[in-house]
file final.csv (CSV, N, CA and C atoms)
chain,number,residue,atom,x,y,z
J,1,MET,N,0.8,-1.2,0.0
J,1,MET,CA,0.0,0.0,0.0
J,1,MET,C,0.9,1.2,0.0
J,2,GLN,N,2.0,1.2,0.7
J,2,GLN,CA,2.9,2.4,0.8
J,2,GLN,C,3.4,2.8,-0.6
J,3,THR,N,3.8,1.8,-1.4
J,3,THR,CA,4.3,2.0,-2.7
J,3,THR,C,3.2,2.7,-3.6
J,4,ALA,N,2.0,2.2,-3.5
J,4,ALA,CA,0.9,2.8,-4.3
J,4,ALA,C,0.6,4.2,-3.8
J,5,LEU,N,0.6,4.5,-2.6
J,5,LEU,CA,0.3,5.8,-2.1
J,5,LEU,C,1.4,6.8,-2.5
J,6,ALA,N,2.6,6.3,-2.4
J,6,ALA,CA,3.8,7.1,-2.8
J,6,ALA,C,3.7,7.5,-4.3
J,7,ALA,N,3.3,6.5,-5.1
J,7,ALA,CA,3.2,6.7,-6.5
J,7,ALA,C,2.1,7.7,-6.8
J,8,LEU,N,1.0,7.7,-6.1
J,8,LEU,CA,-0.1,8.6,-6.4
J,8,LEU,C,0.1,9.9,-5.7
J,9,ALA,N,1.1,10.1,-4.9
J,9,ALA,CA,1.3,11.4,-4.2
J,9,ALA,C,1.9,12.4,-5.1
J,10,ASP,N,2.5,12.0,-6.2
J,10,ASP,CA,3.2,13.0,-7.1
J,10,ASP,C,2.1,13.5,-8.0
J,11,PRO,N,2.1,14.9,-8.2
J,11,PRO,CA,1.1,15.5,-9.0
J,11,PRO,C,1.1,15.0,-10.5
J,12,VAL,N,2.3,14.8,-11.0
J,12,VAL,CA,2.4,14.4,-12.4
J,12,VAL,C,1.9,13.0,-12.6
J,13,ARG,N,2.2,12.1,-11.7
J,13,ARG,CA,1.7,10.7,-11.7
J,13,ARG,C,0.2,10.7,-11.5
J,14,LEU,N,-0.3,11.5,-10.6
J,14,LEU,CA,-1.7,11.6,-10.4
J,14,LEU,C,-2.4,12.0,-11.7
J,15,THR,N,-1.9,13.0,-12.4
J,15,THR,CA,-2.4,13.5,-13.6
J,15,THR,C,-2.5,12.3,-14.7
J,16,LEU,N,-1.4,11.6,-14.7
J,16,LEU,CA,-1.3,10.5,-15.7
J,16,LEU,C,-2.4,9.4,-15.4
J,17,VAL,N,-2.6,9.1,-14.1
J,17,VAL,CA,-3.6,8.1,-13.7
J,17,VAL,C,-5.0,8.6,-14.0
J,18,ARG,N,-5.2,9.9,-13.7
J,18,ARG,CA,-6.5,10.4,-14.0
J,18,ARG,C,-6.9,10.5,-15.5
J,19,GLU,N,-5.9,10.8,-16.3
J,19,GLU,CA,-6.1,10.9,-17.7
J,19,GLU,C,-6.3,9.5,-18.3
J,20,LEU,N,-5.6,8.5,-17.8
J,20,LEU,CA,-5.8,7.1,-18.2
J,20,LEU,C,-7.1,6.6,-17.8
J,21,ALA,N,-7.6,7.0,-16.6
J,21,ALA,CA,-8.9,6.6,-16.2
J,21,ALA,C,-10.0,7.1,-17.1
J,22,GLY,N,-9.8,8.2,-17.7
J,22,GLY,CA,-10.8,8.8,-18.6
J,22,GLY,C,-10.7,8.4,-20.0
J,23,SER,N,-9.7,7.5,-20.3
J,23,SER,CA,-9.5,7.1,-21.7
J,23,SER,C,-9.8,5.7,-22.0
J,24,PRO,N,-10.1,5.4,-23.2
J,24,PRO,CA,-10.3,3.9,-23.5
J,24,PRO,C,-9.0,3.2,-23.4
J,25,VAL,N,-9.1,1.9,-23.1
J,25,VAL,CA,-7.9,1.1,-22.8
J,25,VAL,C,-7.0,1.0,-24.0
J,26,TRP,N,-5.7,1.1,-23.8
J,26,TRP,CA,-4.7,0.9,-24.8
J,26,TRP,C,-4.8,2.0,-25.9
J,27,THR,N,-5.3,3.2,-25.6
J,27,THR,CA,-5.3,4.2,-26.6
J,27,THR,C,-4.4,5.4,-26.4
J,28,ARG,N,-3.8,5.4,-25.2
J,28,ARG,CA,-2.9,6.6,-24.9
J,28,ARG,C,-1.4,6.1,-24.9
J,29,SER,N,-0.7,6.8,-25.8
J,29,SER,CA,0.7,6.6,-25.9
J,29,SER,C,1.4,7.5,-24.9
J,30,CYS,N,2.6,7.1,-24.5
J,30,CYS,CA,3.3,7.9,-23.5
J,30,CYS,C,3.4,9.4,-23.9
J,31,GLY,N,3.6,9.7,-25.1
J,31,GLY,CA,3.8,11.1,-25.6
J,31,GLY,C,2.5,11.9,-25.7
J,32,SER,N,1.4,11.2,-25.4
J,32,SER,CA,0.1,11.9,-25.6
J,32,SER,C,-0.4,12.7,-24.4
J,33,PHE,N,0.4,12.6,-23.3
J,33,PHE,CA,-0.1,13.3,-22.0
J,33,PHE,C,0.5,14.7,-22.0
J,34,ASP,N,-0.3,15.6,-21.5
J,34,ASP,CA,0.1,17.0,-21.4
J,34,ASP,C,0.6,17.2,-20.0
J,35,VAL,N,1.8,16.9,-19.7
J,35,VAL,CA,2.4,17.1,-18.4
J,35,VAL,C,3.7,17.9,-18.5
J,36,PRO,N,4.1,18.7,-17.5
J,36,PRO,CA,5.2,19.6,-17.6
J,36,PRO,C,6.6,18.9,-17.3
J,37,VAL,N,6.8,17.8,-17.9
J,37,VAL,CA,8.1,17.1,-17.7
J,37,VAL,C,8.7,16.6,-19.1
J,38,GLY,N,10.0,16.4,-19.1
J,38,GLY,CA,10.6,15.9,-20.3
J,38,GLY,C,10.4,14.4,-20.5
J,39,LYS,N,11.0,13.9,-21.6
J,39,LYS,CA,10.8,12.4,-21.9
J,39,LYS,C,11.4,11.6,-20.8
J,40,ALA,N,12.6,11.9,-20.3
J,40,ALA,CA,13.2,11.1,-19.3
J,40,ALA,C,12.4,11.0,-18.0
J,41,ALA,N,12.0,12.2,-17.6
J,41,ALA,CA,11.2,12.3,-16.4
J,41,ALA,C,9.8,11.5,-16.5
J,42,LEU,N,9.2,11.7,-17.7
J,42,LEU,CA,8.0,11.0,-18.0
J,42,LEU,C,8.2,9.5,-17.9
J,43,SER,N,9.3,9.0,-18.5
J,43,SER,CA,9.6,7.6,-18.4
J,43,SER,C,9.7,7.1,-17.0
J,44,HIS,N,10.4,7.9,-16.2
J,44,HIS,CA,10.5,7.6,-14.8
J,44,HIS,C,9.2,7.5,-14.1
J,45,HIS,N,8.3,8.4,-14.4
J,45,HIS,CA,7.0,8.4,-13.7
J,45,HIS,C,6.2,7.2,-14.1
J,46,PHE,N,6.3,6.8,-15.4
J,46,PHE,CA,5.6,5.5,-15.8
J,46,PHE,C,6.3,4.3,-15.1
J,47,THR,N,7.6,4.3,-14.9
J,47,THR,CA,8.2,3.2,-14.2
J,47,THR,C,7.7,3.1,-12.8
J,48,VAL,N,7.5,4.2,-12.1
J,48,VAL,CA,7.0,4.2,-10.8
J,48,VAL,C,5.6,3.7,-10.7
J,49,LEU,N,4.7,4.1,-11.7
J,49,LEU,CA,3.3,3.7,-11.8
J,49,LEU,C,3.3,2.2,-12.1
J,50,ARG,N,4.1,1.7,-12.9
J,50,ARG,CA,4.2,0.2,-13.2
J,50,ARG,C,4.6,-0.5,-12.0
J,51,GLY,N,5.6,0.0,-11.3
J,51,GLY,CA,6.1,-0.7,-10.1
J,51,GLY,C,5.0,-0.8,-9.0
J,52,ALA,N,4.1,0.2,-9.0
J,52,ALA,CA,3.0,0.2,-8.0
J,52,ALA,C,1.8,-0.6,-8.4
J,53,GLY,N,1.9,-1.1,-9.6
J,53,GLY,CA,0.8,-2.0,-10.1
J,53,GLY,C,-0.4,-1.2,-10.7
J,54,LEU,N,-0.2,0.1,-11.0
J,54,LEU,CA,-1.3,0.9,-11.5
J,54,LEU,C,-1.4,1.0,-13.0
J,55,VAL,N,-0.3,0.8,-13.7
J,55,VAL,CA,-0.3,0.9,-15.1
J,55,VAL,C,0.4,-0.3,-15.8
J,56,GLU,N,-0.1,-0.7,-16.9
J,56,GLU,CA,0.5,-1.7,-17.7
J,56,GLU,C,0.8,-1.0,-19.1
J,57,GLN,N,1.9,-1.4,-19.7
J,57,GLN,CA,2.3,-0.8,-20.9
J,57,GLN,C,2.6,-1.9,-21.9
J,58,ARG,N,2.4,-1.6,-23.2
J,58,ARG,CA,2.8,-2.6,-24.3
J,58,ARG,C,3.2,-1.7,-25.5
J,59,ASP,N,4.1,-2.3,-26.3
J,59,ASP,CA,4.6,-1.7,-27.5
J,59,ASP,C,3.7,-2.0,-28.6
J,60,GLU,N,3.3,-1.0,-29.4
J,60,GLU,CA,2.5,-1.1,-30.6
J,60,GLU,C,3.3,-0.3,-31.7
J,61,GLY,N,4.1,-1.1,-32.5
J,61,GLY,CA,4.9,-0.4,-33.5
J,61,GLY,C,5.9,0.5,-32.7
J,62,PRO,N,6.0,1.7,-33.2
J,62,PRO,CA,6.9,2.7,-32.6
J,62,PRO,C,6.4,3.3,-31.3
J,63,LYS,N,5.2,3.0,-30.9
J,63,LYS,CA,4.6,3.7,-29.7
J,63,LYS,C,4.5,2.7,-28.6
J,64,ARG,N,4.6,3.2,-27.4
J,64,ARG,CA,4.3,2.4,-26.2
J,64,ARG,C,2.9,3.0,-25.6
J,65,VAL,N,2.0,2.1,-25.6
J,65,VAL,CA,0.6,2.5,-25.1
J,65,VAL,C,0.4,1.9,-23.7
J,66,ASN,N,-0.6,2.6,-23.0
J,66,ASN,CA,-0.8,2.3,-21.6
J,66,ASN,C,-2.2,2.0,-21.3
J,67,ARG,N,-2.4,1.3,-20.2
J,67,ARG,CA,-3.8,1.1,-19.7
J,67,ARG,C,-3.7,1.2,-18.2
J,68,LEU,N,-4.7,1.7,-17.6
J,68,LEU,CA,-4.8,1.7,-16.1
J,68,LEU,C,-5.3,0.3,-15.7
J,69,ARG,N,-4.6,-0.3,-14.7
J,69,ARG,CA,-4.9,-1.6,-14.2
J,69,ARG,C,-6.0,-1.5,-13.1
J,70,ARG,N,-7.1,-0.9,-13.5
J,70,ARG,CA,-8.1,-0.6,-12.5
J,70,ARG,C,-8.7,-1.8,-11.8
J,71,GLU,N,-9.1,-2.8,-12.5
J,71,GLU,CA,-9.6,-4.0,-11.9
J,71,GLU,C,-8.6,-4.7,-10.9
J,72,GLU,N,-7.4,-4.9,-11.4
J,72,GLU,CA,-6.4,-5.5,-10.6
J,72,GLU,C,-6.1,-4.7,-9.4
J,73,PHE,N,-6.0,-3.4,-9.5
J,73,PHE,CA,-5.6,-2.6,-8.4
J,73,PHE,C,-6.8,-2.6,-7.4
J,74,ASP,N,-8.0,-2.5,-7.9
J,74,ASP,CA,-9.2,-2.5,-7.0
J,74,ASP,C,-9.3,-3.8,-6.2
J,75,THR,N,-8.8,-4.9,-6.8
J,75,THR,CA,-8.8,-6.2,-6.1
J,75,THR,C,-7.8,-6.1,-4.9
J,76,ARG,N,-6.7,-5.5,-5.1
J,76,ARG,CA,-5.7,-5.4,-4.1
J,76,ARG,C,-6.0,-4.4,-3.0
J,77,PHE,N,-6.5,-3.2,-3.5
J,77,PHE,CA,-6.8,-2.1,-2.6
J,77,PHE,C,-8.2,-1.6,-2.9
J,78,PRO,N,-9.3,-2.3,-2.4
J,78,PRO,CA,-10.6,-1.9,-2.8
J,78,PRO,C,-10.9,-0.4,-2.4
J,79,GLY,N,-11.5,0.3,-3.3
J,79,GLY,CA,-11.9,1.7,-3.1
J,79,GLY,C,-10.8,2.8,-3.1
J,80,LEU,N,-9.6,2.4,-3.1
J,80,LEU,CA,-8.5,3.4,-3.1
J,80,LEU,C,-8.4,4.2,-4.4
J,81,LEU,N,-8.5,3.5,-5.5
J,81,LEU,CA,-8.4,4.2,-6.8
J,81,LEU,C,-9.6,5.1,-7.0
J,82,ALA,N,-10.8,4.7,-6.6
J,82,ALA,CA,-12.0,5.5,-6.7
J,82,ALA,C,-11.9,6.8,-5.9
J,83,LEU,N,-11.3,6.6,-4.7
J,83,LEU,CA,-11.1,7.8,-3.8
J,83,LEU,C,-10.1,8.8,-4.5
J,84,VAL,N,-9.0,8.2,-5.0
J,84,VAL,CA,-8.0,9.1,-5.7
J,84,VAL,C,-8.5,9.8,-6.9
J,85,LEU,N,-9.4,9.1,-7.7
J,85,LEU,CA,-9.9,9.7,-8.9
J,85,LEU,C,-11.0,10.6,-8.7
J,86,ARG,N,-11.6,10.6,-7.6
J,86,ARG,CA,-12.7,11.5,-7.3
J,86,ARG,C,-12.3,13.0,-7.3
J,87,GLU,N,-13.0,13.8,-8.0
J,87,GLU,CA,-12.7,15.2,-8.0
J,87,GLU,C,-13.0,15.8,-6.7
J,88,THR,N,-12.0,16.7,-6.3
J,88,THR,CA,-12.2,17.3,-5.0
J,88,THR,C,-12.8,18.7,-5.1
call {"tool": "encode", "arguments": {"input": "final.csv", "output": "structure tokens"}}
result
Amino acid sequence: MQTALAALADPVRLTLVRELAGSPVWTRSCGSFDVPVGKAALSHHFTVLRGAGLVEQRDEGPKRVNRLRREEFDTRFPGLLALVLRET
């Protein structure tokens, strides 16, 4: 749980998760997110999200696409993702 909370505590990663939550599965490439970081930092943020079990990635040609692992995460931590995604 600590890894998941640490991953979601960063504003950039929270933005990535929220945008993925509002997108169809496997439609968002890494470069399609409007976040104020460079490629290397963005790659690091996705690494942290993958390590926390929040995101899955796969390569499709020259792009790496993402999906939010909502069902899997909800099984491990019921209600946490819904709480994080709720607008304040």
call {"tool": "closest_residue", "arguments": {"input": "final.csv", "among": "J:Leu16, J:Arg69, J:His44, J:Gln2", "to": "J:Glu56", "atoms": "only N, CA and C atoms"}}
result
J:Arg69
call {"tool": "residues_around", "arguments": {"input": "final.csv", "residues": "J:Leu54", "least_positions_apart": "3", "cutoff": "6.5 Å", "atoms": "only N, CA and C atoms", "output": "list in words"}}
result
Leu49, Arg50, Gly51, Arg67, Leu68, Arg69, Arg70 and Phe73 of chain J
call {"tool": "write_last_selection", "arguments": {"input": "final.csv", "atoms": "N, CA and C atoms", "output": "tab-separated table (two decimals), in the coordinates of the input"}}
result
chain	number	residue	atom	x	y	z
J	49	LEU	N	4.70	4.10	-11.70
J	49	LEU	CA	3.30	3.70	-11.80
J	49	LEU	C	3.30	2.20	-12.10
J	50	ARG	N	4.10	1.70	-12.90
J	50	ARG	CA	4.20	0.20	-13.20
J	50	ARG	C	4.60	-0.50	-12.00
J	51	GLY	N	5.60	0.00	-11.30
J	51	GLY	CA	6.10	-0.70	-10.10
J	51	GLY	C	5.00	-0.80	-9.00
J	67	ARG	N	-2.40	1.30	-20.20
J	67	ARG	CA	-3.80	1.10	-19.70
J	67	ARG	C	-3.70	1.20	-18.20
J	68	LEU	N	-4.70	1.70	-17.60
J	68	LEU	CA	-4.80	1.70	-16.10
J	68	LEU	C	-5.30	0.30	-15.70
J	69	ARG	N	-4.60	-0.30	-14.70
J	69	ARG	CA	-4.90	-1.60	-14.20
J	69	ARG	C	-6.00	-1.50	-13.10
J	70	ARG	N	-7.10	-0.90	-13.50
J	70	ARG	CA	-8.10	-0.60	-12.50
J	70	ARG	C	-8.70	-1.80	-11.80
J	73	PHE	N	-6.00	-3.40	-9.50
J	73	PHE	CA	-5.60	-2.60	-8.40
J	73	PHE	C	-6.80	-2.60	-7.40
call {"tool": "residues_around", "arguments": {"input": "final.csv", "residues": "stretch 59-64 of chain J", "least_positions_apart": "4", "cutoff": "6.5 Å", "atoms": "all atoms listed in the file", "output": "NGL selection string"}}
result
:J and (28-30)
call {"tool": "select_by_dssp", "arguments": {"input": "final.csv", "residues": "chain J", "states": "strand (DSSP E)", "output": "list in words"}}
result
Arg28, Ser29, Val55, Glu56, Gln57, Arg58, Asp59, Glu60, Lys63, Arg64, Val65, Asn66, Arg67 and Leu68 of chain J
call {"tool": "residues_around", "arguments": {"input": "final.csv", "residues": "J:Gly53", "least_positions_apart": "6", "cutoff": "12 Å", "atoms": "only C-alpha atoms", "output": "ChimeraX atom specification"}}
result
/J:1-5,7-8,17,46-47,67-77,81
call {"tool": "select_by_dssp", "arguments": {"input": "final.csv", "residues": "chain J", "states": "helix (DSSP H, G or I)", "output": "JSON, numbers by chain"}}
result
{"J": [2, 3, 4, 5, 6, 7, 8, 9, 11, 12, 13, 14, 15, 16, 17, 18, 19, 20, 21, 30, 31, 32, 39, 40, 41, 42, 43, 44, 45, 46, 47, 48, 49, 50, 51, 70, 71, 72, 73, 74, 75, 76, 80, 81, 82, 83, 84, 85]}
call {"tool": "closest_residue", "arguments": {"input": "final.csv", "among": "J:Gln57, J:Val12, J:Arg86, J:Gly22", "to": "J:Val37", "atoms": "all atoms listed in the file"}}
result
J:Val12
call {"tool": "atom_distance", "arguments": {"input": "final.csv", "atom1": "atom CA of J:Asp34", "atom2": "atom CA of J:Thr15"}}
result
8.9 Å
call {"tool": "atom_distance", "arguments": {"input": "final.csv", "atom1": "atom C of J:Ala21", "atom2": "atom N of J:Ala82"}}
result
10.8 Å
call {"tool": "closest_residue", "arguments": {"input": "final.csv", "among": "J:Val84, J:Val65, J:Val35, J:Ala40", "to": "J:Ser23", "atoms": "only C-alpha atoms"}}
result
J:Val65
call {"tool": "atom_distance", "arguments": {"input": "final.csv", "atom1": "atom CA of J:Arg18", "atom2": "atom CA of J:Leu85"}}
result
6.2 Å
